[in-house]
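**Student:** TSV, C-alpha atoms, saved as final_36.tsv, coming up:
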```
chain	number	residue	atom	x	y	z
A	1	MET	CA	-19.54	-8.99	-8.36
A	2	LYS	CA	-16.03	-10.12	-9.29
A	3	LEU	CA	-14.75	-6.62	-8.49
A	4	PHE	CA	-16.59	-6.56	-5.17
A	5	ILE	CA	-15.07	-9.90	-4.14
A	6	ILE	CA	-11.56	-8.82	-5.13
A	7	GLY	CA	-12.07	-5.64	-3.07
A	8	LEU	CA	-13.49	-7.56	-0.12
A	9	PHE	CA	-10.64	-10.03	-0.07
A	10	SER	CA	-7.86	-7.44	-0.27
A	11	GLY	CA	-9.73	-5.28	2.25
A	12	ILE	CA	-9.70	-8.13	4.78
A	13	ILE	CA	-5.95	-8.51	4.27
A	14	SER	CA	-5.22	-4.79	4.61
A	15	GLY	CA	-7.49	-4.54	7.66
A	16	MET	CA	-5.21	-7.07	9.31
A	17	GLY	CA	-2.24	-4.81	8.64
A	18	ILE	CA	-0.76	-6.68	5.71
A	19	GLY	CA	-0.44	-4.66	2.50
A	20	GLY	CA	-3.74	-4.86	0.64
A	21	GLY	CA	-2.43	-3.35	-2.57
A	22	VAL	CA	0.07	-6.07	-3.20
A	23	ILE	CA	-2.88	-8.48	-3.25
A	24	LEU	CA	-5.35	-6.20	-5.03
A	25	ILE	CA	-3.19	-5.25	-8.02
A	26	PRO	CA	-2.17	-8.79	-9.08
A	27	SER	CA	-5.78	-9.96	-8.52
A	28	LEU	CA	-7.09	-7.23	-10.81
A	29	LEU	CA	-4.48	-8.12	-13.43
A	30	ILE	CA	-5.38	-11.82	-13.29
A	31	PHE	CA	-9.19	-11.47	-13.24
A	32	THR	CA	-9.79	-8.35	-15.35
A	33	GLU	CA	-8.51	-6.78	-18.57
A	34	LEU	CA	-7.04	-3.71	-16.84
A	35	THR	CA	-3.53	-2.49	-17.70
A	36	GLN	CA	-0.82	-2.22	-15.05
A	37	GLN	CA	-1.36	1.53	-14.67
A	38	GLU	CA	-5.14	1.15	-14.43
A	39	ALA	CA	-4.87	-1.57	-11.77
A	40	GLN	CA	-2.47	0.62	-9.81
A	41	GLY	CA	-4.85	3.57	-10.19
A	42	ILE	CA	-7.70	1.48	-8.75
A	43	ASN	CA	-5.57	0.60	-5.75
A	44	LEU	CA	-4.59	4.23	-5.14
A	45	ILE	CA	-8.13	5.56	-5.19
A	46	VAL	CA	-9.60	2.63	-3.23
A	47	PHE	CA	-6.98	3.15	-0.54
A	48	ILE	CA	-8.29	6.67	0.16
A	49	PRO	CA	-11.69	5.84	1.78
A	50	VAL	CA	-10.25	2.75	3.50
A	51	ALA	CA	-7.38	4.81	4.96
A	52	ILE	CA	-9.73	7.60	6.12
A	53	VAL	CA	-11.84	5.07	8.06
A	54	ALA	CA	-8.68	3.58	9.61
A	55	LEU	CA	-7.27	7.02	10.44
A	56	ILE	CA	-10.39	8.07	12.36
A	57	THR	CA	-9.93	5.07	14.65
A	58	HIS	CA	-6.24	5.83	15.10
A	59	LEU	CA	-6.95	9.52	15.79
A	60	LYS	CA	-9.28	8.53	18.63
A	61	ASN	CA	-6.63	6.22	20.05
A	62	LYS	CA	-3.94	8.94	19.65
A	63	ASN	CA	-1.56	6.59	17.86
A	64	ILE	CA	-0.28	9.04	15.26
A	65	LYS	CA	3.03	10.84	15.68
A	66	TYR	CA	2.04	14.08	13.95
A	67	LYS	CA	5.36	15.92	13.83
A	68	LEU	CA	7.15	12.93	12.36
A	69	SER	CA	4.29	12.27	9.95
A	70	LEU	CA	4.31	15.85	8.61
A	71	LYS	CA	8.07	15.81	8.01
A	72	ILE	CA	7.89	12.53	6.08
A	73	ILE	CA	4.89	13.78	4.07
A	74	GLY	CA	6.92	16.85	3.01
A	75	TYR	CA	9.63	14.74	1.37
A	76	GLY	CA	7.15	12.05	0.41
A	77	LEU	CA	5.18	14.43	-1.81
A	78	ILE	CA	8.28	15.07	-3.94
A	79	GLY	CA	8.75	11.32	-4.36
A	80	ALA	CA	5.05	10.76	-5.05
A	81	VAL	CA	4.91	13.36	-7.84
A	82	LEU	CA	8.06	11.93	-9.44
A	83	GLY	CA	6.98	8.29	-9.18
A	84	SER	CA	3.45	8.95	-10.47
A	85	PHE	CA	4.71	10.92	-13.48
A	86	ILE	CA	7.09	8.13	-14.43
A	87	ALA	CA	4.28	5.56	-14.03
A	88	GLY	CA	2.19	7.61	-16.45
A	89	LYS	CA	4.96	7.87	-19.02
A	90	ILE	CA	6.40	4.36	-19.24
A	91	ASN	CA	5.15	1.37	-21.18
A	92	SER	CA	2.59	-0.79	-19.37
A	93	LYS	CA	4.49	-4.04	-19.97
A	94	ALA	CA	7.73	-2.55	-18.62
A	95	LEU	CA	5.95	-1.19	-15.54
A	96	SER	CA	4.44	-4.62	-15.01
A	97	LYS	CA	7.92	-6.19	-14.98
A	98	TYR	CA	9.27	-3.66	-12.46
A	99	PHE	CA	6.17	-4.19	-10.35
A	100	SER	CA	6.74	-7.95	-10.31
A	101	ILE	CA	10.27	-7.42	-8.95
A	102	PHE	CA	8.87	-5.08	-6.28
A	103	LEU	CA	6.24	-7.70	-5.47
A	104	LEU	CA	8.85	-10.44	-5.15
A	105	ILE	CA	10.86	-8.37	-2.64
A	106	ILE	CA	7.75	-7.62	-0.57
A	107	GLY	CA	6.75	-11.31	-0.68
A	108	ILE	CA	10.15	-12.41	0.59
A	109	TYR	CA	10.00	-9.75	3.31
A	110	GLU	CA	6.52	-10.90	4.44
A	111	LEU	CA	7.68	-14.50	4.47
A	112	PHE	CA	10.56	-13.80	6.85
A	113	SER	CA	9.22	-10.92	8.96
A	114	LYS	CA	7.61	-11.38	12.34
A	115	THR	CA	4.67	-9.43	13.72
A	116	LYS	CA	5.19	-8.30	17.28
A	117	LYS	CA	2.29	-8.78	19.65
A	118	GLN	CA	0.65	-5.41	20.31
B	1	MET	CA	22.14	17.44	8.14
B	2	LYS	CA	21.43	15.45	11.28
B	3	LYS	CA	21.29	11.68	10.96
B	4	VAL	CA	17.61	11.48	11.96
B	5	ASN	CA	16.65	14.14	9.41
B	6	LEU	CA	18.49	12.27	6.68
B	7	LYS	CA	16.59	9.11	7.58
B	8	ILE	CA	13.29	11.04	7.44
B	9	LEU	CA	14.22	12.46	4.04
B	10	LEU	CA	15.06	9.03	2.65
B	11	ILE	CA	11.95	7.38	4.10
B	12	GLY	CA	9.77	10.12	2.58
B	13	LEU	CA	11.39	10.22	-0.83
B	14	ILE	CA	11.64	6.45	-1.32
B	15	SER	CA	8.19	5.53	-0.02
B	16	GLY	CA	6.55	8.40	-1.94
B	17	PHE	CA	8.37	7.46	-5.13
B	18	LEU	CA	7.61	3.73	-4.98
B	19	ASN	CA	4.00	4.31	-3.86
B	20	GLY	CA	3.56	6.59	-6.86
B	21	LEU	CA	5.39	4.38	-9.33
B	22	PHE	CA	3.65	1.15	-8.28
B	23	GLY	CA	0.41	2.57	-6.88
B	24	SER	CA	0.94	0.51	-3.73
B	25	GLY	CA	3.42	-0.63	-1.14
B	26	GLY	CA	4.03	2.72	0.56
B	27	GLY	CA	2.82	1.43	3.91
B	28	THR	CA	4.80	-1.77	3.50
B	29	ILE	CA	7.93	0.39	3.35
B	30	VAL	CA	7.04	3.09	5.91
B	31	VAL	CA	6.02	0.75	8.76
B	32	PRO	CA	9.32	-1.20	9.01
B	33	ALA	CA	11.30	1.99	8.29
B	34	LEU	CA	9.68	3.73	11.27
B	35	VAL	CA	10.18	0.71	13.51
B	36	PHE	CA	13.74	-0.21	12.57
B	37	LEU	CA	15.27	3.14	11.56
B	38	LEU	CA	13.51	5.48	13.96
B	39	GLY	CA	12.54	3.17	16.82
B	40	VAL	CA	8.80	3.93	16.70
B	41	ASP	CA	6.47	1.48	18.51
B	42	ASP	CA	4.83	-1.08	16.25
B	43	TYR	CA	1.22	0.07	16.65
B	44	LYS	CA	2.15	3.77	16.42
B	45	ALA	CA	4.21	3.03	13.30
B	46	HIS	CA	1.17	1.48	11.66
B	47	ALA	CA	-1.09	4.47	12.43
B	48	THR	CA	1.59	7.01	11.48
B	49	ALA	CA	2.26	5.19	8.21
B	50	ILE	CA	-1.39	5.51	7.17
B	51	SER	CA	-1.33	9.25	7.96
B	52	VAL	CA	1.73	9.55	5.69
B	53	ILE	CA	0.51	7.40	2.79
B	54	LEU	CA	-2.99	8.93	2.63
B	55	PRO	CA	-1.93	12.39	1.37
B	56	LEU	CA	0.73	10.81	-0.89
B	57	SER	CA	-1.88	8.53	-2.44
B	58	ILE	CA	-4.27	11.46	-2.96
B	59	VAL	CA	-1.58	13.35	-4.89
B	60	SER	CA	-0.67	10.22	-6.89
B	61	THR	CA	-4.35	9.58	-7.67
B	62	ILE	CA	-4.68	13.10	-9.10
B	63	ILE	CA	-1.61	12.58	-11.32
B	64	TYR	CA	-2.87	9.14	-12.42
B	65	TYR	CA	-6.20	10.79	-13.21
B	66	THR	CA	-4.52	13.28	-15.53
B	67	HIS	CA	-2.90	10.29	-17.28
B	68	LYS	CA	-6.37	8.71	-17.65
B	69	SER	CA	-5.43	5.71	-15.49
B	70	ILE	CA	-8.32	6.10	-13.02
B	71	HIS	CA	-11.58	4.26	-13.73
B	72	LEU	CA	-14.07	5.53	-11.19
B	73	ASN	CA	-16.83	3.06	-12.13
B	74	ILE	CA	-14.59	0.05	-11.48
B	75	ALA	CA	-13.03	1.63	-8.39
B	76	LEU	CA	-16.46	2.11	-6.84
B	77	PHE	CA	-17.19	-1.64	-6.76
B	78	VAL	CA	-13.73	-2.50	-5.49
B	79	ALA	CA	-13.90	0.24	-2.82
B	80	PHE	CA	-17.28	-1.02	-1.62
B	81	GLY	CA	-15.80	-4.49	-1.10
B	82	GLY	CA	-12.63	-2.96	0.30
B	83	VAL	CA	-14.33	-0.94	3.04
B	84	ILE	CA	-16.40	-3.92	4.21
B	85	GLY	CA	-13.36	-6.20	3.96
B	86	SER	CA	-11.08	-3.96	5.99
B	87	PHE	CA	-13.72	-3.75	8.71
B	88	ILE	CA	-13.89	-7.56	8.83
B	89	GLY	CA	-10.09	-7.76	8.75
B	90	SER	CA	-9.65	-5.40	11.70
B	91	LYS	CA	-12.16	-7.47	13.73
B	92	LEU	CA	-10.28	-10.68	12.87
B	93	LEU	CA	-6.94	-9.12	13.79
B	94	ASN	CA	-6.72	-10.50	17.32
B	95	LYS	CA	-8.51	-13.75	16.62
B	96	ILE	CA	-6.22	-15.46	14.15
B	97	PRO	CA	-2.47	-16.14	14.11
B	98	ILE	CA	-1.18	-13.25	11.96
B	99	ASN	CA	2.33	-14.68	11.70
B	100	ILE	CA	1.10	-17.80	9.93
B	101	LEU	CA	-1.17	-15.71	7.71
B	102	ARG	CA	1.78	-13.46	6.85
B	103	LYS	CA	3.75	-16.50	5.68
B	104	ILE	CA	0.84	-17.75	3.57
B	105	PHE	CA	0.49	-14.33	1.95
B	106	GLY	CA	4.21	-13.97	1.51
B	107	SER	CA	4.14	-17.20	-0.46
B	108	LEU	CA	1.08	-16.10	-2.45
B	109	ILE	CA	2.72	-12.78	-3.32
B	110	ILE	CA	5.93	-14.53	-4.44
B	111	PHE	CA	3.83	-16.87	-6.61
B	112	ALA	CA	2.00	-13.90	-8.17
B	113	ALA	CA	5.32	-12.09	-8.76
B	114	ILE	CA	6.90	-15.06	-10.53
B	115	ARG	CA	3.75	-15.54	-12.60
B	116	MET	CA	3.97	-11.91	-13.71
B	117	MET	CA	7.68	-12.23	-14.50
B	118	ILE	CA	7.35	-15.21	-16.81
B	119	LYS	CA	4.15	-14.02	-18.47
```
Would you write the structure of this file as structure tokens?

**Tutor:**
Amino acid sequence: MKLFIIGLFSGIISGMGIGGGVILIPSLLIFTELTQQEAQGINLIVFIPVAIVALITHLKNKNIKYKLSLKIIGYGLIGAVLGSFIAGKINSKALSKYFSIFLLIIGIYELFSKTKKQ
Amino acid sequence: MKKVNLKILLIGLISGFLNGLFGSGGGTIVVPALVFLLGVDDYKAHATAISVILPLSIVSTIIYYTHKSIHLNIALFVAFGGVIGSFIGSKLLNKIPINILRKIFGSLIIFAAIRMMIK
């Protein structure tokens, strides 16, 4: 039930276009015994079905710039493989510290950014 | 290399790397990068970002799985809540002031970050 509520809450946030993972991962770390890597793994795999549902809607509305997307994915895959391997190799406590810095930067960005009316 | 291509390369490499390293945040980087560096419309940037991060997250999930960092039983419960939540969130999108919400969540995230730092 705890897990369902954490998922529900971060899902609501991500559905509104604000990063769900940055809420989900700290919530999992606070309310469960998961390690940093395991919490991150949950976020990665949970993102997949949520993103597929969102993508179907966007495909219908023709909002995706395919050519641009494919180019970014090409380079992105190199980064993803590299980043994921490092995450798997480093100490959980160290990763947690780096993550908290990343989180702080995103928090400051969210605090000062403005959403344009669509 | 043309300037636009260099931007695309950097956006891809950085967002892929951080999304893999931290298991999150890829979209948070790609959306503003598309808007501010490449001049993509806000709503198209959001949709395009998801199409970019989905395959990257699939690859990262596979690598995390090989490192035994994926717990499917826990993920199932979270995903169930997540799918319902994101549906509710998308319905609420035009009904509540997102800018205020963004500030509240910005503050919450900063609080969580500091808590993690001093722990």

**Student:** Leaving out Phe47 in chain A and any residue of its chain fewer than 3 positions from it, which residues lie within 12 Å of it when counting all atoms listed in the file, given as a ChimeraX atom specification?

**Tutor:** /A:7,10-11,14-15,19-22,24-25,40-44,50-55 /B:19,23-27,50-51,53-58,60-61,75-76,78-83,86

**Student:** Using only C-alpha atoms, which of the listed residues (B:Leu21, B:Leu10, B:Leu101, B:Val4) sits closest to chain A?

**Tutor:** B:Leu21

**Student:** Pick out the chain A residues within 6 Å of chain B. Count only C-alpha atoms. Give them as a PyMOL selection string.

**Tutor:** chain A and resi 3-4+7-8+11-12+15-16+21+37-38+40-42+44+46+50+58+63-65+69+72-73+75-77+79-80+83-84+87-88+100+103-104+107+110-111

**Student:** In Å, how far is it from CA of Tyr66 in chain A to CA of Pro49 in chain A?

**Tutor:** 20.1 Å

**Student:** What is the distance, in Å and to one decimal place, between CA of Ile105 in chain A and CA of Leu68 in chain A?

**Tutor:**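 A separation of 26.3 Å between them.
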
**Student:** Please compute the CA of Lys97 in chain A-CA of Ala39 in chain A distance, one decimal, in Å.

**Tutor:** 14.0 Å

**Student:** Looking at A:Leu59, A:Ile45, A:Ile6, A:Ile13, which one is nearest to Leu29 in chain A, with distances taken over only C-alpha atoms?

**Tutor:**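 For Leu29 in chain A, the nearest of the candidates is A:Ile6.
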